[in-house]
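Report on the structure given below.
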Amino acid sequence: MALGFKVTTKGDQEVTVYLNQVGKRMINLQPAMKQGRVYMLGSINRNFERGGRPVRWQALSMNYYLAKLRAGYGNKTLIRTGQLKRSITGRVEPTRFIMGTAVPYARIHQFGGTVQHGARTERFFRQRKKTGAFKRGIRLFGKARGFTFGSFAMTIPARPFILFQDEDITALNTFVLRHLTEKKGG
């Protein structure tokens, strides 16, 4: 004798409709990705303001730090003119967002590395006034002084500024989950 059973549920049509809606939302996560992009721009700005997170960036060399202060650029690491910080952008796609910058020197600051400076010679022309001060805009050809600077290498430590923190991952997961589970049309 064969034993059989049948399972029925009430409301299975509503569950099927809901799961189909979630499946459709998984194809296009752009609303959640837009929220994530805006959130990450704020997180990256906090990295600049705090001088690195969760671990602070390596301090500037004393010579560079003093030269930066003398030039009036302030004392924040990776912020001289603010161009790098302002250049961070994000692009949203259906299932992801991409953060980045087009500033050429961003890579060396993000990952660290060595910069090679080649040898160079500079010539300058000056003429003094009777008071001993230099005259401006005067060029006396043939009476130039020159200086030669040798080649050197400069090592820049990694100071990752585009970096996802643990709390960022939690927030991004919340945006995606909210997008997938929200009820449309009331």
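Ordering of the structure tokens sets the chain letters (A, B, ...); residue numbers start at 1 within each chain; ligands are numbered from 1 in the order shown.
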Would you pick out the contacts of region 29-37 of chain A at 12 Å or less, using only C-alpha atoms, so that residues sharing its chain but fewer than 6 positions from it are not included, and give the list as an MDAnalysis selection string? chainID A and resid 22:23 43:44 88:100 164 168:182
So which residues touch region 65-82 of chain A within 8 Å, counting only C-alpha atoms, skipping near sequence neighbours fewer than 3 positions away, as an NGL selection string? :A and (48-49 or 51 or 57 or 59-62 or 85-86 or 109)
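Nearest residue to Phe111 (chain A) among A:Thr155, A:Thr131, A:Asn63, A:Gln83 is A:Thr155, counting only C-alpha atoms.
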Please return as a PyMOL selection string: the residues of region 23-134 of chain A that backbone DSSP assigns to helix (DSSP H, G or I). chain A and resi 23-27+30-50+62-70+83-86+106-111
Mind checking which residues fall within 12 Å of Arg107 (chain A), counting only C-alpha atoms, ignoring those fewer than 3 positions away in the same chain, and posting them as a PyMOL selection string? chain A and resi 84+100-104+110-115+156-162
Those same residues - C-alpha atoms - I'd like them written as a JSON list (two decimals), in the first residue's frame.
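Wrote part22.json, looks like this:
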[["chain", "number", "residue", "atom", "x", "y", "z"],
["A", 84, "LEU", "CA", 42.78, 64.97, -4.62],
["A", 100, "GLY", "CA", 37.85, 56.43, -8.14],
["A", 101, "THR", "CA", 39.77, 59.51, -9.19],
["A", 102, "ALA", "CA", 41.49, 60.70, -12.35],
["A", 103, "VAL", "CA", 44.23, 62.62, -10.51],
["A", 104, "PRO", "CA", 47.58, 61.21, -11.76],
["A", 110, "GLN", "CA", 46.84, 55.09, -2.32],
["A", 111, "PHE", "CA", 49.38, 52.26, -2.73],
["A", 112, "GLY", "CA", 52.75, 53.88, -1.91],
["A", 113, "GLY", "CA", 55.93, 53.48, -3.92],
["A", 114, "THR", "CA", 59.13, 55.14, -5.07],
["A", 115, "VAL", "CA", 59.31, 58.18, -7.32],
["A", 156, "ILE", "CA", 56.11, 57.67, -0.44],
["A", 157, "PRO", "CA", 54.28, 55.45, 2.05],
["A", 158, "ALA", "CA", 50.85, 54.03, 1.24],
["A", 159, "ARG", "CA", 48.07, 56.24, 2.59],
["A", 160, "PRO", "CA", 44.88, 54.50, 1.41],
["A", 161, "PHE", "CA", 42.08, 57.05, 1.17],
["A", 162, "ILE", "CA", 39.61, 55.03, -0.94]]
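CA of Thr121 (chain A) lies 6.1 Å from CA of Phe149 (chain A).
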Please return as a ChimeraX atom specification: the residues of region 32-135 of chain A that backbone DSSP assigns to strand (DSSP E). /A:89-92,97-100,113-117,120-124
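Contact shell of Arg123 (chain A) at 9 Å (only C-alpha atoms; same-chain neighbours under 3 positions omitted): Ala144, Arg145, Gly146, Phe147 and Thr148 of chain A.
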Given the selection you just returned, output its residues as a file containing C-alpha atoms, formatted as a CSV table (one decimal), in the first residue's frame.
chain,number,residue,atom,x,y,z
A,144,ALA,CA,73.8,83.1,-16.5
A,145,ARG,CA,74.5,81.0,-13.5
A,146,GLY,CA,73.7,77.3,-13.5
A,147,PHE,CA,73.0,74.7,-10.9
A,148,THR,CA,73.0,71.0,-11.4
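Interatomic distance, CA of Met40 (chain A) against CA of Glu167 (chain A): 10.7 Å.
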